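Shown here: protein-v9.cif, mmCIF, C-alpha atoms and all ligand atoms.
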data_input
loop_
_atom_site.group_PDB
_atom_site.id
_atom_site.type_symbol
_atom_site.label_atom_id
_atom_site.label_comp_id
_atom_site.auth_asym_id
_atom_site.auth_seq_id
_atom_site.Cartn_x
_atom_site.Cartn_y
_atom_site.Cartn_z
ATOM 1 C CA GLU A 628 0.000 0.000 0.000
ATOM 2 C CA VAL A 629 2.820 2.396 0.884
ATOM 3 C CA PHE A 630 4.475 1.556 -2.410
ATOM 4 C CA ARG A 631 1.294 2.259 -4.344
ATOM 5 C CA ARG A 632 0.863 5.609 -2.639
ATOM 6 C CA ALA A 633 4.435 6.732 -3.476
ATOM 7 C CA VAL A 634 4.674 5.109 -6.919
ATOM 8 C CA PRO A 635 1.451 5.654 -8.883
ATOM 9 C CA ALA A 636 2.754 3.445 -11.713
ATOM 10 C CA ALA A 637 2.531 0.453 -9.340
ATOM 11 C CA GLY A 638 -1.173 0.123 -10.228
ATOM 12 C CA PRO A 639 -3.630 -2.174 -8.440
ATOM 13 C CA GLY A 640 -1.684 -5.452 -9.061
ATOM 14 C CA PRO A 641 -0.677 -7.909 -6.298
ATOM 15 C CA ALA A 642 1.349 -6.053 -3.646
ATOM 16 C CA ASP A 643 3.507 -9.066 -2.831
ATOM 17 C CA ASP A 644 4.827 -9.806 -6.328
ATOM 18 C CA PRO A 645 8.491 -8.736 -6.282
ATOM 19 C CA GLU A 646 8.770 -8.690 -10.069
ATOM 20 C CA ALA A 647 5.742 -6.412 -10.500
ATOM 21 C CA LEU A 648 6.980 -4.073 -7.749
ATOM 22 C CA THR A 649 10.460 -3.910 -9.277
ATOM 23 C CA ALA A 650 9.047 -3.183 -12.730
ATOM 24 C CA ALA A 651 6.847 -0.386 -11.312
ATOM 25 C CA ALA A 652 9.781 1.147 -9.413
ATOM 26 C CA ARG A 653 11.918 0.949 -12.527
ATOM 27 C CA ALA A 654 9.294 2.713 -14.683
ATOM 28 C CA HIS A 655 8.790 5.392 -12.033
ATOM 29 C CA LEU A 656 12.511 6.066 -11.529
ATOM 30 C CA ARG A 657 13.404 5.868 -15.227
ATOM 31 C CA ASP A 658 10.982 8.701 -15.885
ATOM 32 C CA ARG A 659 12.569 10.782 -13.099
ATOM 33 C CA PHE A 660 16.085 10.075 -14.368
ATOM 34 C CA LEU A 661 15.191 11.014 -17.950
ATOM 35 C CA ARG A 662 13.836 14.379 -16.799
ATOM 36 C CA ALA A 663 16.583 15.241 -14.247
ATOM 37 C CA ARG A 664 19.211 17.721 -15.384
ATOM 38 C CA VAL A 665 21.400 17.444 -12.291
ATOM 39 C CA ALA A 666 22.279 14.314 -10.334
ATOM 40 C CA VAL A 667 24.037 13.923 -7.004
ATOM 41 C CA THR A 668 25.944 10.760 -6.029
ATOM 42 C CA GLY A 669 28.326 9.641 -3.333
ATOM 43 C CA ALA A 670 31.426 7.513 -3.935
ATOM 44 C CA ASN A 671 32.891 4.535 -2.116
ATOM 45 C CA PHE A 672 36.481 5.260 -3.115
ATOM 46 C CA LEU A 673 38.628 7.863 -4.869
ATOM 47 C CA VAL A 674 41.738 6.558 -6.616
ATOM 48 C CA ALA A 675 44.394 9.266 -6.295
ATOM 49 C CA GLU A 676 46.608 7.823 -9.041
ATOM 50 C CA THR A 677 44.153 8.723 -11.804
ATOM 51 C CA GLY A 678 41.609 10.937 -10.021
ATOM 52 C CA THR A 679 38.893 8.312 -10.495
ATOM 53 C CA LEU A 680 35.770 7.845 -8.381
ATOM 54 C CA VAL A 681 34.504 4.323 -7.715
ATOM 55 C CA LEU A 682 30.968 3.423 -6.626
ATOM 56 C CA LEU A 683 29.556 -0.003 -5.757
ATOM 57 C CA GLU A 684 25.794 -0.602 -5.636
ATOM 58 C CA SER A 685 23.140 -3.239 -6.122
ATOM 59 C CA GLU A 686 20.290 -1.382 -7.867
ATOM 60 C CA GLY A 687 21.917 0.653 -10.644
ATOM 61 C CA ASN A 688 20.403 3.995 -9.602
ATOM 62 C CA ALA A 689 23.820 5.627 -9.206
ATOM 63 C CA ARG A 690 24.762 4.275 -12.627
ATOM 64 C CA MET A 691 21.711 6.108 -14.027
ATOM 65 C CA CYS A 692 22.937 9.317 -12.332
ATOM 66 C CA LEU A 693 26.297 8.876 -13.989
ATOM 67 C CA THR A 694 24.904 8.404 -17.476
ATOM 68 C CA LEU A 695 21.696 10.433 -17.971
ATOM 69 C CA PRO A 696 21.674 13.957 -16.414
ATOM 70 C CA GLU A 697 23.740 16.786 -17.917
ATOM 71 C CA THR A 698 25.455 17.723 -14.669
ATOM 72 C CA LEU A 699 26.854 15.355 -12.090
ATOM 73 C CA ILE A 700 27.808 16.370 -8.549
ATOM 74 C CA SER A 701 29.618 13.754 -6.452
ATOM 75 C CA VAL A 702 30.097 14.166 -2.727
ATOM 76 C CA ALA A 703 32.793 12.046 -1.054
ATOM 77 C CA GLY A 704 34.526 12.072 2.337
ATOM 78 C CA ILE A 705 38.263 12.766 2.298
ATOM 79 C CA ASP A 706 38.788 9.430 4.029
ATOM 80 C CA LYS A 707 37.718 7.627 0.843
ATOM 81 C CA VAL A 708 40.985 8.282 -1.006
ATOM 82 C CA VAL A 709 43.165 5.263 -1.816
ATOM 83 C CA PRO A 710 46.559 5.807 -3.463
ATOM 84 C CA THR A 711 46.548 3.419 -6.462
ATOM 85 C CA TRP A 712 44.511 0.895 -8.468
ATOM 86 C CA ASP A 713 46.556 -1.867 -6.822
ATOM 87 C CA ASP A 714 45.022 -0.771 -3.488
ATOM 88 C CA MET A 715 41.608 -0.556 -5.123
ATOM 89 C CA GLU A 716 41.884 -4.191 -6.191
ATOM 90 C CA VAL A 717 42.046 -5.248 -2.527
ATOM 91 C CA PHE A 718 39.057 -3.105 -1.501
ATOM 92 C CA LEU A 719 36.988 -4.299 -4.464
ATOM 93 C CA GLN A 720 37.257 -7.779 -3.011
ATOM 94 C CA LEU A 721 36.830 -6.802 0.642
ATOM 95 C CA LEU A 722 33.745 -4.604 0.384
ATOM 96 C CA PRO A 723 31.162 -6.869 -1.316
ATOM 97 C CA ARG A 724 32.294 -9.990 0.541
ATOM 98 C CA SER A 725 32.055 -8.314 3.972
ATOM 99 C CA SER A 726 28.877 -6.432 3.098
ATOM 100 C CA THR A 727 26.463 -8.837 1.417
ATOM 101 C CA GLY A 728 28.601 -11.957 1.061
ATOM 102 C CA ASP A 729 28.691 -11.509 -2.739
ATOM 103 C CA ARG A 730 31.882 -12.081 -4.676
ATOM 104 C CA MET A 731 31.197 -8.822 -6.500
ATOM 105 C CA THR A 732 28.516 -6.120 -6.326
ATOM 106 C CA PRO A 733 26.130 -6.094 -9.350
ATOM 107 C CA TYR A 734 27.160 -2.553 -10.370
ATOM 108 C CA VAL A 735 30.722 -1.191 -10.080
ATOM 109 C CA SER A 736 30.978 2.251 -11.714
ATOM 110 C CA THR A 737 34.126 4.302 -12.194
ATOM 111 C CA TRP A 738 34.343 7.837 -13.594
ATOM 112 C CA THR A 739 37.135 10.332 -14.136
ATOM 113 C CA GLY A 740 35.741 13.761 -15.077
ATOM 114 C CA VAL A 741 33.738 14.129 -18.315
ATOM 115 C CA THR A 742 34.044 12.568 -21.776
ATOM 116 C CA PRO A 743 32.633 14.230 -24.954
ATOM 117 C CA ASP A 744 29.342 12.651 -26.142
ATOM 118 C CA ASP A 745 29.185 10.234 -23.210
ATOM 119 C CA GLY A 746 27.629 10.835 -19.798
ATOM 120 C CA PRO A 747 27.351 14.212 -18.083
ATOM 121 C CA ARG A 748 28.753 17.360 -19.670
ATOM 122 C CA ALA A 749 29.779 18.940 -16.359
ATOM 123 C CA PHE A 750 31.153 17.209 -13.278
ATOM 124 C CA HIS A 751 31.754 18.649 -9.799
ATOM 125 C CA LEU A 752 33.457 16.824 -6.948
ATOM 126 C CA VAL A 753 32.763 17.953 -3.382
ATOM 127 C CA LEU A 754 35.376 16.658 -0.954
ATOM 128 C CA LEU A 755 33.840 16.486 2.476
ATOM 129 C CA ASP A 756 35.780 16.976 5.696
ATOM 130 C CA ASN A 757 32.892 17.344 8.191
ATOM 131 C CA GLY A 758 34.958 16.407 11.263
ATOM 132 C CA ARG A 759 37.278 13.884 9.601
ATOM 133 C CA THR A 760 40.355 16.080 10.172
ATOM 134 C CA ARG A 761 39.330 16.286 13.812
ATOM 135 C CA ALA A 762 39.162 12.462 13.916
ATOM 136 C CA LEU A 763 42.549 12.233 12.190
ATOM 137 C CA ALA A 764 44.095 14.410 14.901
ATOM 138 C CA ASP A 765 43.142 11.777 17.501
ATOM 139 C CA GLU A 766 46.067 9.345 17.412
ATOM 140 C CA VAL A 767 43.996 6.416 18.689
ATOM 141 C CA GLY A 768 40.640 7.324 17.151
ATOM 142 C CA ARG A 769 42.023 7.847 13.619
ATOM 143 C CA ALA A 770 41.925 4.066 13.058
ATOM 144 C CA ALA A 771 38.153 4.470 12.560
ATOM 145 C CA LEU A 772 38.798 6.401 9.331
ATOM 146 C CA ARG A 773 39.894 3.099 7.745
ATOM 147 C CA CYS A 774 36.207 2.055 7.701
ATOM 148 C CA ILE A 775 34.901 1.107 4.242
ATOM 149 C CA ARG A 776 31.209 1.085 5.381
ATOM 150 C CA CYS A 777 30.713 -2.591 4.645
ATOM 151 C CA SER A 778 28.223 -2.899 7.571
ATOM 152 C CA ALA A 779 29.576 -6.262 8.743
ATOM 153 C CA CYS A 780 29.878 -4.859 12.291
ATOM 154 C CA LEU A 781 26.207 -3.783 12.222
ATOM 155 C CA ASN A 782 25.115 -7.246 11.164
ATOM 156 C CA VAL A 783 26.784 -9.011 14.107
ATOM 157 C CA CYS A 784 26.234 -6.412 16.843
ATOM 158 C CA PRO A 785 23.815 -7.703 19.551
ATOM 159 C CA VAL A 786 22.878 -4.109 20.534
ATOM 160 C CA TYR A 787 22.279 -2.801 17.001
ATOM 161 C CA GLU A 788 20.347 -5.959 16.147
ATOM 162 C CA ARG A 789 17.757 -5.003 18.775
ATOM 163 C CA THR A 790 17.733 -1.205 18.657
ATOM 164 C CA GLY A 791 18.097 -0.576 14.904
ATOM 165 C CA GLY A 792 19.802 2.522 13.565
ATOM 166 C CA ARG A 793 17.680 5.363 14.945
ATOM 167 C CA PRO A 794 19.093 5.608 18.482
ATOM 168 C CA TYR A 795 22.559 6.205 17.017
ATOM 169 C CA GLY A 796 21.688 9.672 15.685
ATOM 170 C CA PRO A 797 21.863 10.958 12.149
ATOM 171 C CA VAL A 798 25.407 10.162 10.986
ATOM 172 C CA HIS A 799 26.371 6.464 11.035
ATOM 173 C CA PRO A 800 24.523 3.706 12.881
ATOM 174 C CA GLY A 801 25.928 0.639 14.629
ATOM 175 C CA PRO A 802 29.268 -0.024 16.317
ATOM 176 C CA ILE A 803 31.356 2.054 13.910
ATOM 177 C CA GLY A 804 28.805 4.885 14.174
ATOM 178 C CA ALA A 805 29.199 4.842 17.957
ATOM 179 C CA VAL A 806 32.876 5.584 17.273
ATOM 180 C CA LEU A 807 32.726 7.848 14.208
ATOM 181 C CA THR A 808 29.957 10.180 15.392
ATOM 182 C CA PRO A 809 31.678 11.250 18.653
ATOM 183 C CA LEU A 810 35.043 11.376 16.869
ATOM 184 C CA THR A 811 33.821 13.725 14.144
ATOM 185 C CA ARG A 812 31.339 15.784 16.191
ATOM 186 C CA GLY A 813 32.897 15.651 19.667
ATOM 187 C CA VAL A 814 31.336 14.455 22.913
ATOM 188 C CA GLU A 815 29.878 17.739 24.147
ATOM 189 C CA SER A 816 26.222 16.892 23.488
ATOM 190 C CA ALA A 817 24.556 14.349 25.779
ATOM 191 C CA ALA A 818 23.434 12.224 22.790
ATOM 192 C CA ASP A 819 26.925 12.002 21.228
ATOM 193 C CA ALA A 820 28.515 11.378 24.636
ATOM 194 C CA SER A 821 26.152 8.441 25.222
ATOM 195 C CA LEU A 822 27.169 6.585 22.030
ATOM 196 C CA PRO A 823 30.476 5.060 23.270
ATOM 197 C CA TYR A 824 28.449 3.459 26.077
ATOM 198 C CA ALA A 825 25.986 1.829 23.640
ATOM 199 C CA SER A 826 28.014 -1.372 23.585
ATOM 200 C CA THR A 827 28.598 -4.500 25.629
ATOM 201 C CA LEU A 828 32.218 -4.532 24.351
ATOM 202 C CA CYS A 829 31.670 -8.159 23.328
ATOM 203 C CA GLY A 830 34.142 -7.743 20.448
ATOM 204 C CA ALA A 831 32.011 -9.371 17.704
ATOM 205 C CA CYS A 832 32.424 -6.220 15.573
ATOM 206 C CA ALA A 833 36.223 -6.302 15.756
ATOM 207 C CA ASP A 834 36.231 -9.984 14.780
ATOM 208 C CA VAL A 835 34.381 -9.388 11.497
ATOM 209 C CA CYS A 836 35.878 -6.030 10.481
ATOM 210 C CA PRO A 837 37.761 -6.537 7.206
ATOM 211 C CA VAL A 838 40.076 -3.575 7.852
ATOM 212 C CA LYS A 839 40.820 -4.678 11.434
ATOM 213 C CA ILE A 840 39.437 -1.706 13.347
ATOM 214 C CA ASP A 841 39.498 -2.579 17.061
ATOM 215 C CA ILE A 842 36.096 -1.018 17.763
ATOM 216 C CA PRO A 843 35.832 -2.034 21.486
ATOM 217 C CA ASP A 844 39.261 -0.462 22.098
ATOM 218 C CA LEU A 845 38.105 2.767 20.421
ATOM 219 C CA LEU A 846 34.861 2.764 22.419
ATOM 220 C CA VAL A 847 36.830 2.545 25.679
ATOM 221 C CA HIS A 848 39.131 5.336 24.437
ATOM 222 C CA LEU A 849 36.083 7.513 23.718
ATOM 223 C CA ARG A 850 34.544 6.759 27.112
ATOM 224 C CA GLY A 851 37.735 8.268 28.553
ATOM 225 C CA LYS A 852 37.176 11.372 26.401
ATOM 226 C CA VAL A 853 33.607 11.686 27.673
ATOM 227 C CA VAL A 854 34.837 11.572 31.289
ATOM 228 C CA GLU A 855 37.578 14.152 30.527
ATOM 229 C CA SER A 856 35.078 16.512 28.905
ATOM 230 C CA ARG A 857 32.744 16.207 31.930
ATOM 231 C CA ARG A 858 35.659 17.016 34.260
ATOM 232 C CA ARG A 859 36.264 20.255 32.362
ATOM 233 C CA ARG A 860 32.726 21.517 32.985
ATOM 234 C CA PRO A 861 32.559 24.472 35.400
ATOM 235 C CA VAL A 862 29.526 22.941 37.163
ATOM 236 C CA PRO A 863 30.032 19.216 37.875
ATOM 237 C CA THR A 864 27.258 16.757 37.014
ATOM 238 C CA PRO A 865 25.576 15.079 40.026
ATOM 239 C CA GLU A 866 27.467 11.879 39.180
ATOM 240 C CA MET A 867 30.835 13.701 39.130
ATOM 241 C CA ALA A 868 30.023 15.429 42.459
ATOM 242 C CA LEU A 869 29.150 12.043 43.968
ATOM 243 C CA MET A 870 32.374 10.479 42.657
ATOM 244 C CA ARG A 871 34.463 13.366 44.013
ATOM 245 C CA GLY A 872 32.858 12.938 47.431
ATOM 246 C CA LEU A 873 33.552 9.212 47.252
ATOM 247 C CA ALA A 874 37.206 9.805 46.278
ATOM 248 C CA TRP A 875 37.608 12.168 49.253
ATOM 249 C CA THR A 876 36.055 9.622 51.634
ATOM 250 C CA LEU A 877 38.032 6.638 50.342
ATOM 251 C CA GLY A 878 41.275 8.648 50.337
ATOM 252 C CA ASP A 879 41.683 8.415 54.138
ATOM 253 C CA PRO A 880 41.163 5.301 56.337
ATOM 254 C CA ARG A 881 39.586 7.268 59.213
ATOM 255 C CA ARG A 882 37.150 9.061 56.911
ATOM 256 C CA HIS A 883 36.306 5.738 55.277
ATOM 257 C CA GLU A 884 35.703 4.048 58.648
ATOM 258 C CA ALA A 885 33.516 6.884 59.924
ATOM 259 C CA ALA A 886 31.497 6.900 56.661
ATOM 260 C CA VAL A 887 30.950 3.130 56.806
ATOM 261 C CA ARG A 888 29.811 3.352 60.450
ATOM 262 C CA ARG A 889 27.370 6.187 59.819
ATOM 263 C CA GLY A 890 26.246 4.813 56.449
ATOM 264 C CA ALA A 891 25.490 1.394 57.963
ATOM 265 C CA ARG A 892 23.433 3.010 60.732
ATOM 266 C CA TRP A 893 21.351 4.986 58.204
ATOM 267 C CA ALA A 894 21.007 2.014 55.888
ATOM 268 C CA ARG A 895 19.664 -0.166 58.713
ATOM 269 C CA LEU A 896 17.097 2.538 59.530
ATOM 270 C CA LEU A 897 15.936 2.419 55.880
ATOM 271 C CA SER A 898 15.677 -1.380 55.754
ATOM 272 C CA ARG A 899 12.583 -3.512 56.221
ATOM 273 C CA GLY A 900 12.863 -7.279 56.678
ATOM 274 C CA GLY A 901 16.609 -7.234 55.937
ATOM 275 C CA ARG A 902 16.227 -5.426 52.535
ATOM 276 C CA ILE A 903 16.395 -1.795 51.477
ATOM 277 C CA ARG A 904 13.728 -1.220 48.846
ATOM 278 C CA ARG A 905 14.233 2.488 48.204
ATOM 279 C CA LEU A 906 17.315 4.702 48.647
ATOM 280 C CA PRO A 907 16.927 8.512 48.855
ATOM 281 C CA GLY A 908 17.949 11.115 46.213
ATOM 282 C CA LEU A 909 20.302 10.180 43.376
ATOM 283 C CA LEU A 910 20.979 6.770 44.908
ATOM 284 C CA GLY A 911 17.293 5.985 44.305
ATOM 285 C CA LYS A 912 18.199 5.050 40.691
ATOM 286 C CA TRP A 913 19.884 1.933 42.050
ATOM 287 C CA THR A 914 16.821 0.751 43.903
ATOM 288 C CA GLU A 915 14.400 1.477 41.044
ATOM 289 C CA ALA A 916 15.132 -1.987 39.666
ATOM 290 C CA ARG A 917 16.679 -3.916 42.575
ATOM 291 C CA ASP A 918 16.716 -4.248 46.374
ATOM 292 C CA LEU A 919 19.808 -3.897 48.520
ATOM 293 C CA PRO A 920 20.516 -6.266 51.419
ATOM 294 C CA ALA A 921 20.680 -4.333 54.708
ATOM 295 C CA PRO A 922 24.226 -4.112 56.109
ATOM 296 C CA PRO A 923 24.983 -6.398 59.102
ATOM 297 C CA ALA A 924 24.841 -4.945 62.599
ATOM 298 C CA GLU A 925 28.600 -5.238 62.943
ATOM 299 C CA SER A 926 31.113 -4.407 60.195
ATOM 300 C CA PHE A 927 34.116 -6.622 59.394
ATOM 301 C CA ARG A 928 36.443 -4.006 60.882
ATOM 302 C CA GLY A 929 34.354 -3.838 64.070
ATOM 303 C CA TRP A 930 34.384 -7.637 64.343
ATOM 304 C CA TRP A 931 38.177 -7.699 63.779
ATOM 305 C CA ASP A 932 38.812 -5.078 66.452
ATOM 306 C CA ARG A 933 36.552 -6.869 68.914
ATOM 307 C CA THR A 934 37.929 -10.377 68.439
ATOM 308 C CA ARG A 935 41.609 -9.810 67.484
ATOM 309 C CA ALA A 936 42.625 -6.594 69.171
HETATM 310 S S1 LIG A 1001 34.049 -0.782 11.031
HETATM 311 FE FE1 LIG A 1001 34.800 -2.497 9.814
HETATM 312 S S2 LIG A 1001 33.065 -3.946 9.844
HETATM 313 FE FE2 LIG A 1001 32.211 -1.951 10.472
HETATM 314 S S3 LIG A 1001 31.454 -1.000 8.591
HETATM 315 FE FE3 LIG A 1001 33.571 -0.277 8.882
HETATM 316 S S4 LIG A 1001 34.855 -1.696 7.724
HETATM 317 FE FE4 LIG A 1001 32.860 -2.686 7.959
#
Rewrite the coordinates I just gave you, this time as structure tokens.
Amino acid sequence: EVFRRAVPAAGPGPADDPEALTAAARAHLRDRFLRARVAVTGANFLVAETGTLVLLESEGNARMCLTLPETLISVAGIDKVVPTWDDMEVFLQLLPRSSTGDRMTPYVSTWTGVTPDDGPRAFHLVLLDNGRTRALADEVGRAALRCIRCSACLNVCPVYERTGGRPYGPVHPGPIGAVLTPLTRGVESAADASLPYASTLCGACADVCPVKIDIPDLLVHLRGKVVESRRRRPVPTPEMALMRGLAWTLGDPRRHEAAVRRGARWARLLSRGGRIRRLPGLLGKWTEARDLPAPPAESFRGWWDRTRA
């Protein structure tokens, strides 16, 4: 039904016939391509040796952009540059096999500027930085720029499998997105800062990555960056204030002992039937989903002093 609404040429035929749907989409898009004067494509790789763009796809729509409209604009990240065709040969094998398990993608297009009487008459290449230089400046994080967007890490990720792409924000989804988005945009916003934590660090992504990006290692590195950026804030977050208080208490044995004694007394007052069901203030988050056992009447230190002193 959705297809019929968006593609009038689909007609009233059976909605579950793949061949009919494909034919309708083809007729609809062919008409659009024949009328378009400007087309915009991306590119999977740029071969520096000859200044050639390379694009791999399954449907042939990019190929139509490359052949029919008068003007072609291609937008590609600066991380897509490979030095020579010898390098390209390796990536041409890696990308389809890691992406869809095919030996080769149905359409592989290459173009190097314009050719008289063939394809577009004007060609513009937009090289996109958009935070990539910032990522390159991070000596650990720069490994993520090796990504060839094969999506193998998305396919094996137990978190992405359940959440889908939307919670990762608008740039890249999945494990590599949880690395690339904070690397290119920074960790100042709460949404970007949360991405490095969207992982169990199980390592499945690193196992399948064809260019050997150690994604769990990068996620841990970025978690460190998130903590550093929070420390720089003039007003500490409640969590940071709590951790600072804890560091002060644990930094001295007498303070620690006094805190344990007083804390245990308060905790016992809050307990019912040997369990604490609700803690006050910020600590209440802990008891939203679990109970705490009440502390014993005598601490280990107290017992030690009483029996061994
Ligand atoms: S990080 Fe590796 S596995 Fe994930 S999309 Fe990039 S190249 Fe593929």
| request: Name every residue that the PyMOL selection byres (((not hetatm)) within 12 of (chain A and resi 1001)) selects in this structure, writing the answer as a ChimeraX atom specification with chains first and numbers rising. | output: /A:671,707,718,721-727,770-784,787,799-807,830-843,845-846
| Selection dump of the PyMOL selection byres (((chain A and resi 689) around 9) and not hetatm), as a list in words |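 Checked against the file, the PyMOL selection byres (((chain A and resi 689) around 9) and not hetatm) matches Ala666, Val667, Thr668, Gly669, Leu682, Leu683, Glu684, Glu686, Gly687, Asn688, Arg690, Met691, Cys692, Leu693, Thr694, Tyr734 and Ser736 of chain A.
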| message | To one decimal place in Å, what is the distance between CA of Lys852 in chain A and CA of Gly768 in chain A? | response |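 Going from CA of Lys852 in chain A over to CA of Gly768 in chain A, I get 10.7 Å.
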| request: Find, counting all atoms listed in the file, the residue in A:Thr864, A:Thr742, A:Thr934, A:Ser821 that gets nearest to Leu909 in chain A. | output: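 Distance minimum relative to Leu909 in chain A lands on A:Thr864.
Ranking A:Ala817, A:Trp875, A:Thr739, A:Leu661 by their shortest atom-to-atom distance to Val854 in chain A, with all atoms listed in the file included, puts A:Ala817 first.
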| For Ala749 in chain A, which residue among A:Gly851, A:Pro863, A:Gly813, A:Pro696 is the nearest when counting all atoms listed in the file? | A:Pro696
Where atoms are lacking, range 664-671 of chain A completed to all heavy atoms, as an mmCIF file, in the coordinates of the input:
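Below is the file part-v2.cif, written as the result:
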data_model
loop_
_atom_site.group_PDB
_atom_site.id
_atom_site.type_symbol
_atom_site.label_atom_id
_atom_site.label_comp_id
_atom_site.auth_asym_id
_atom_site.auth_seq_id
_atom_site.Cartn_x
_atom_site.Cartn_y
_atom_site.Cartn_z
ATOM 1 N N ARG A 664 18.076 17.089 -14.704
ATOM 2 C CA ARG A 664 19.211 17.721 -15.384
ATOM 3 C C ARG A 664 20.462 17.680 -14.516
ATOM 4 O O ARG A 664 21.572 17.819 -14.997
ATOM 5 C CB ARG A 664 18.848 19.164 -15.747
ATOM 6 C CG ARG A 664 17.664 19.179 -16.724
ATOM 7 C CD ARG A 664 17.345 20.550 -17.217
ATOM 8 N NE ARG A 664 18.474 21.153 -17.895
ATOM 9 C CZ ARG A 664 18.633 22.467 -18.016
ATOM 10 N NH1 ARG A 664 17.753 23.286 -17.507
ATOM 11 N NH2 ARG A 664 19.684 22.949 -18.639
ATOM 12 N N VAL A 665 20.262 17.510 -13.211
ATOM 13 C CA VAL A 665 21.400 17.444 -12.291
ATOM 14 C C VAL A 665 21.238 16.200 -11.417
ATOM 15 O O VAL A 665 20.131 15.916 -10.954
ATOM 16 C CB VAL A 665 21.460 18.700 -11.382
ATOM 17 C CG1 VAL A 665 22.615 18.612 -10.400
ATOM 18 C CG2 VAL A 665 21.562 19.962 -12.216
ATOM 19 N N ALA A 666 22.332 15.484 -11.228
ATOM 20 C CA ALA A 666 22.279 14.314 -10.334
ATOM 21 C C ALA A 666 23.361 14.453 -9.268
ATOM 22 O O ALA A 666 24.399 15.065 -9.501
ATOM 23 C CB ALA A 666 22.500 13.032 -11.128
ATOM 24 N N VAL A 667 23.063 13.895 -8.098
ATOM 25 C CA VAL A 667 24.037 13.923 -7.004
ATOM 26 C C VAL A 667 24.316 12.480 -6.573
ATOM 27 O O VAL A 667 23.380 11.712 -6.346
ATOM 28 C CB VAL A 667 23.488 14.713 -5.789
ATOM 29 C CG1 VAL A 667 24.521 14.770 -4.670
ATOM 30 C CG2 VAL A 667 23.081 16.122 -6.206
ATOM 31 N N THR A 668 25.591 12.109 -6.510
ATOM 32 C CA THR A 668 25.944 10.760 -6.029
ATOM 33 C C THR A 668 26.977 10.865 -4.922
ATOM 34 O O THR A 668 27.588 11.910 -4.718
ATOM 35 C CB THR A 668 26.603 9.896 -7.138
ATOM 36 O OG1 THR A 668 27.902 10.432 -7.422
ATOM 37 C CG2 THR A 668 25.779 9.836 -8.398
ATOM 38 N N GLY A 669 27.187 9.768 -4.241
ATOM 39 C CA GLY A 669 28.326 9.641 -3.333
ATOM 40 C C GLY A 669 29.420 8.883 -4.072
ATOM 41 O O GLY A 669 29.381 8.765 -5.313
ATOM 42 N N ALA A 670 30.386 8.368 -3.341
ATOM 43 C CA ALA A 670 31.426 7.513 -3.935
ATOM 44 C C ALA A 670 31.990 6.645 -2.819
ATOM 45 O O ALA A 670 32.094 7.092 -1.680
ATOM 46 C CB ALA A 670 32.525 8.344 -4.562
ATOM 47 N N ASN A 671 32.298 5.401 -3.147
ATOM 48 C CA ASN A 671 32.891 4.535 -2.116
ATOM 49 C C ASN A 671 34.394 4.756 -1.989
ATOM 50 O O ASN A 671 34.954 4.639 -0.907
ATOM 51 C CB ASN A 671 32.648 3.065 -2.453
ATOM 52 C CG ASN A 671 31.204 2.696 -2.346
ATOM 53 O OD1 ASN A 671 30.482 2.711 -3.340
ATOM 54 N ND2 ASN A 671 30.745 2.406 -1.136
#
